[in-house]
>>> print(open('coords-v4.cif').read())   # mmCIF, C-alpha atoms
data_coords
loop_
_atom_site.label_atom_id
_atom_site.label_comp_id
_atom_site.auth_asym_id
_atom_site.auth_seq_id
_atom_site.Cartn_x
_atom_site.Cartn_y
_atom_site.Cartn_z
CA MET O 1 4.57 -11.26 -44.79
CA GLY O 2 3.58 -9.19 -47.78
CA THR O 3 0.23 -7.49 -48.00
CA THR O 4 -0.56 -8.21 -51.62
CA LYS O 5 -3.94 -9.73 -52.36
CA VAL O 6 -4.13 -13.21 -53.79
CA LYS O 7 -6.64 -13.34 -56.64
CA SER O 8 -5.69 -16.65 -58.20
CA PHE O 9 -3.61 -19.73 -57.58
CA ASP O 10 -0.85 -18.26 -59.75
CA ASP O 11 -0.73 -15.22 -57.45
CA PHE O 12 -0.47 -17.58 -54.51
CA LYS O 13 2.44 -19.45 -56.11
CA LYS O 14 4.26 -16.18 -56.90
CA GLN O 15 3.77 -14.91 -53.38
CA LEU O 16 4.92 -18.22 -51.90
CA GLN O 17 8.09 -18.14 -54.04
CA SER O 18 8.97 -14.55 -53.16
CA ASP O 19 7.98 -14.35 -49.46
CA THR O 20 10.34 -16.22 -47.11
CA ASP O 21 8.11 -15.65 -44.07
CA LEU O 22 5.19 -17.24 -45.89
CA GLN O 23 7.40 -20.17 -46.93
CA GLU O 24 8.37 -20.84 -43.31
CA LYS O 25 4.81 -20.54 -42.11
CA PHE O 26 3.65 -22.82 -44.90
CA LYS O 27 6.24 -25.45 -43.90
CA VAL O 28 5.12 -25.37 -40.26
CA ASP O 29 1.34 -25.25 -40.73
CA PRO O 30 0.02 -25.05 -44.30
CA ARG O 31 -3.64 -24.63 -43.28
CA SER O 32 -3.05 -21.59 -41.09
CA ALA O 33 -0.83 -20.04 -43.79
CA VAL O 34 -3.59 -20.47 -46.38
CA ASN O 35 -6.19 -19.14 -43.90
CA ASP O 36 -4.06 -16.05 -43.27
CA ILE O 37 -3.79 -15.40 -46.99
CA GLU O 38 -7.53 -15.90 -47.37
CA LYS O 39 -8.26 -13.45 -44.55
CA ARG O 40 -6.06 -10.82 -46.19
CA SER O 41 -7.98 -11.31 -49.43
CA HIS O 42 -11.34 -10.52 -47.78
CA PRO O 43 -11.23 -7.28 -45.77
CA LEU O 44 -14.85 -7.67 -44.66
CA THR O 45 -13.85 -10.61 -42.48
CA SER O 46 -10.77 -8.99 -40.98
CA ASP O 47 -11.47 -5.25 -40.82
CA LYS O 48 -13.75 -4.34 -37.91
CA TRP O 49 -13.83 -0.64 -38.81
CA ILE O 50 -15.88 -1.25 -41.95
CA TYR O 51 -18.84 -2.47 -39.92
CA ARG O 52 -18.37 0.16 -37.23
CA ILE O 53 -18.48 2.99 -39.77
CA ILE O 54 -21.55 1.56 -41.50
CA VAL O 55 -23.43 1.01 -38.23
CA LEU O 56 -22.55 4.48 -36.94
CA GLY O 57 -23.67 6.04 -40.22
CA LEU O 58 -27.01 4.23 -40.11
CA ILE O 59 -27.55 5.21 -36.48
CA VAL O 60 -26.81 8.85 -37.36
CA ILE O 61 -29.44 8.63 -40.12
CA VAL O 62 -32.05 7.31 -37.68
CA LEU O 63 -31.19 9.98 -35.09
CA CYS O 64 -31.38 12.76 -37.70
CA ILE O 65 -34.80 11.55 -38.77
CA VAL O 66 -36.04 11.43 -35.18
CA VAL O 67 -34.73 14.92 -34.44
CA GLY O 68 -36.20 16.23 -37.71
CA LEU O 69 -39.58 14.73 -36.89
CA LEU O 70 -39.51 16.25 -33.41
CA ILE O 71 -38.75 19.67 -34.91
CA LEU O 72 -41.55 19.29 -37.46
CA TYR O 73 -43.95 18.14 -34.75
CA GLY O 74 -43.04 21.12 -32.56
CA GLU O 75 -43.64 23.60 -35.38
CA PHE O 76 -46.86 21.83 -36.28
CA GLN O 77 -48.16 22.11 -32.72
CA GLU O 78 -47.27 25.80 -32.50
CA GLU O 79 -49.47 26.52 -35.52
CA GLY O 80 -52.37 24.73 -33.82
CA GLN O 81 -53.30 22.52 -36.75
CA GLY O 82 -55.10 19.16 -36.46
CA THR O 83 -53.38 15.81 -36.48
CA PHE O 84 -49.71 15.43 -37.37
CA LEU O 85 -48.98 12.87 -40.10
CA VAL O 86 -45.42 11.61 -40.44
CA PRO O 87 -44.21 11.93 -44.04
CA ASP O 88 -43.78 8.56 -45.73
CA ILE O 89 -40.20 9.25 -46.77
CA PHE O 90 -39.17 9.52 -43.10
CA VAL O 91 -40.90 6.28 -42.22
CA ALA O 92 -39.34 4.43 -45.15
CA THR O 93 -35.82 5.76 -44.55
CA ALA O 94 -35.88 5.15 -40.81
CA SER O 95 -37.28 1.65 -41.27
CA ALA O 96 -34.63 0.77 -43.84
CA ALA O 97 -31.83 2.12 -41.65
CA ILE O 98 -33.07 0.25 -38.56
CA GLY O 99 -33.40 -2.94 -40.61
CA ALA O 100 -29.88 -2.52 -41.98
CA VAL O 101 -28.44 -2.02 -38.49
CA ALA O 102 -30.27 -5.12 -37.27
CA GLY O 103 -29.00 -7.11 -40.25
CA LEU O 104 -25.40 -6.04 -39.65
CA LEU O 105 -25.49 -6.72 -35.93
CA THR O 106 -27.11 -10.15 -36.24
CA PRO O 107 -24.42 -12.84 -36.17
CA SER O 108 -24.16 -14.75 -39.41
CA PRO O 109 -23.79 -18.51 -39.46
CA LYS O 110 -20.17 -19.61 -39.78
CA GLU O 111 -19.09 -21.93 -42.51
CA ASN O 112 -18.05 -25.37 -41.34
CA THR O 113 -14.35 -25.69 -42.24
CA ASP O 114 -13.94 -29.24 -40.92
CA GLU O 115 -13.57 -31.76 -43.69
#
>>> encode(input="coords-v4.cif", output="structure tokens")
Amino acid sequence: MGTTKVKSFDDFKKQLQSDTDLQEKFKVDPRSAVNDIEKRSHPLTSDKWIYRIIVLGLIVIVLCIVVGLLILYGEFQEEGQGTFLVPDIFVATASAAIGAVAGLLTPSPKENTDE
């Protein structure tokens, strides 16, 4: 099967006319052939590496913030100053990254394809 993306019904017709494998699959089971084309059109549903890269990047951000805060706290304690206040930018960035990781890892409701 070809790997071209289907953006419209005309693209689907052209691909169906030119791709013999797709024609055979469409003759056997039209729904699965259409589902395969639809999956190829949406890489977010078929490519697992997209989510893995995003989650790893967000986790690295959180870990960098934690390590940075520990370094700042250590230097702050060596100077013998009073209370240590965490800068707001660290709190905001870490909170956003943790929320994004939680949002990506939470399973989304599946669409009901039964008609």
>>> residues_around(input="coords-v4.cif", residues="O:Leu63", least_positions_apart="4", cutoff="12 Å", atoms="all atoms listed in the file", output="PyMOL selection string")
chain O and resi 56-59+67-70+90+93-94+97-98
>>> closest_residue(input="coords-v4.cif", among="O:Leu104, O:Gly99, O:Pro109, O:Gln77", to="O:Arg52", atoms="all atoms listed in the file")
O:Leu104
>>> atom_distance(input="coords-v4.cif", atom1="atom CA of O:Ile65", atom2="atom CA of O:Ile53")
18.5 Å
>>> atom_distance(input="coords-v4.cif", atom1="atom CA of O:Val66", atom2="atom CA of O:Val86")
10.8 Å
>>> atom_distance(input="coords-v4.cif", atom1="atom CA of O:Ser32", atom2="atom CA of O:Pro107")
23.6 Å
>>> build_atoms(input="coords-v4.cif", residues="stretch 90-101 of chain O", atoms="all heavy atoms", output="mmCIF file, in the frame of the given file")
data_model
loop_
_atom_site.group_PDB
_atom_site.id
_atom_site.type_symbol
_atom_site.label_atom_id
_atom_site.label_comp_id
_atom_site.auth_asym_id
_atom_site.auth_seq_id
_atom_site.Cartn_x
_atom_site.Cartn_y
_atom_site.Cartn_z
ATOM 1 N N PHE O 90 -39.842 9.704 -44.386
ATOM 2 C CA PHE O 90 -39.170 9.520 -43.100
ATOM 3 C C PHE O 90 -39.387 8.115 -42.568
ATOM 4 O O PHE O 90 -38.472 7.491 -42.046
ATOM 5 C CB PHE O 90 -39.662 10.549 -42.077
ATOM 6 C CG PHE O 90 -39.193 11.949 -42.346
ATOM 7 C CD1 PHE O 90 -40.055 13.007 -42.227
ATOM 8 C CD2 PHE O 90 -37.879 12.205 -42.708
ATOM 9 C CE1 PHE O 90 -39.630 14.303 -42.467
ATOM 10 C CE2 PHE O 90 -37.440 13.493 -42.950
ATOM 11 C CZ PHE O 90 -38.318 14.541 -42.829
ATOM 12 N N VAL O 91 -40.599 7.626 -42.700
ATOM 13 C CA VAL O 91 -40.900 6.280 -42.220
ATOM 14 C C VAL O 91 -40.099 5.249 -43.004
ATOM 15 O O VAL O 91 -39.493 4.333 -42.428
ATOM 16 C CB VAL O 91 -42.424 5.998 -42.337
ATOM 17 C CG1 VAL O 91 -42.727 4.563 -41.986
ATOM 18 C CG2 VAL O 91 -43.210 6.947 -41.448
ATOM 19 N N ALA O 92 -40.049 5.390 -44.309
ATOM 20 C CA ALA O 92 -39.340 4.430 -45.150
ATOM 21 C C ALA O 92 -37.830 4.459 -44.874
ATOM 22 O O ALA O 92 -37.194 3.409 -44.738
ATOM 23 C CB ALA O 92 -39.608 4.719 -46.614
ATOM 24 N N THR O 93 -37.262 5.644 -44.777
ATOM 25 C CA THR O 93 -35.820 5.760 -44.550
ATOM 26 C C THR O 93 -35.426 5.243 -43.178
ATOM 27 O O THR O 93 -34.449 4.514 -43.034
ATOM 28 C CB THR O 93 -35.367 7.222 -44.721
ATOM 29 O OG1 THR O 93 -35.813 7.704 -45.988
ATOM 30 C CG2 THR O 93 -33.872 7.339 -44.636
ATOM 31 N N ALA O 94 -36.188 5.616 -42.162
ATOM 32 C CA ALA O 94 -35.880 5.150 -40.810
ATOM 33 C C ALA O 94 -36.047 3.638 -40.700
ATOM 34 O O ALA O 94 -35.214 2.956 -40.083
ATOM 35 C CB ALA O 94 -36.768 5.853 -39.787
ATOM 36 N N SER O 95 -37.078 3.095 -41.310
ATOM 37 C CA SER O 95 -37.280 1.650 -41.270
ATOM 38 C C SER O 95 -36.159 0.901 -41.971
ATOM 39 O O SER O 95 -35.665 -0.120 -41.477
ATOM 40 C CB SER O 95 -38.615 1.278 -41.919
ATOM 41 O OG SER O 95 -39.687 1.859 -41.217
ATOM 42 N N ALA O 96 -35.733 1.409 -43.113
ATOM 43 C CA ALA O 96 -34.630 0.770 -43.840
ATOM 44 C C ALA O 96 -33.336 0.840 -43.050
ATOM 45 O O ALA O 96 -32.579 -0.139 -42.993
ATOM 46 C CB ALA O 96 -34.464 1.423 -45.202
ATOM 47 N N ALA O 97 -33.060 1.974 -42.425
ATOM 48 C CA ALA O 97 -31.830 2.120 -41.650
ATOM 49 C C ALA O 97 -31.844 1.211 -40.422
ATOM 50 O O ALA O 97 -30.836 0.577 -40.102
ATOM 51 C CB ALA O 97 -31.635 3.575 -41.228
ATOM 52 N N ILE O 98 -32.976 1.129 -39.734
ATOM 53 C CA ILE O 98 -33.070 0.250 -38.560
ATOM 54 C C ILE O 98 -32.934 -1.213 -38.988
ATOM 55 O O ILE O 98 -32.256 -2.008 -38.331
ATOM 56 C CB ILE O 98 -34.386 0.498 -37.803
ATOM 57 C CG1 ILE O 98 -34.345 1.869 -37.141
ATOM 58 C CG2 ILE O 98 -34.628 -0.583 -36.754
ATOM 59 C CD1 ILE O 98 -35.658 2.310 -36.564
ATOM 60 N N GLY O 99 -33.542 -1.580 -40.102
ATOM 61 C CA GLY O 99 -33.400 -2.940 -40.610
ATOM 62 C C GLY O 99 -31.973 -3.265 -41.003
ATOM 63 O O GLY O 99 -31.485 -4.373 -40.777
ATOM 64 N N ALA O 100 -31.278 -2.302 -41.600
ATOM 65 C CA ALA O 100 -29.880 -2.520 -41.980
ATOM 66 C C ALA O 100 -28.991 -2.684 -40.759
ATOM 67 O O ALA O 100 -28.106 -3.546 -40.732
ATOM 68 C CB ALA O 100 -29.399 -1.358 -42.839
ATOM 69 N N VAL O 101 -29.221 -1.872 -39.729
ATOM 70 C CA VAL O 101 -28.440 -2.020 -38.490
ATOM 71 C C VAL O 101 -28.704 -3.388 -37.871
ATOM 72 O O VAL O 101 -27.767 -4.078 -37.444
ATOM 73 C CB VAL O 101 -28.778 -0.891 -37.487
ATOM 74 C CG1 VAL O 101 -28.190 -1.171 -36.124
ATOM 75 C CG2 VAL O 101 -28.273 0.444 -38.004
#
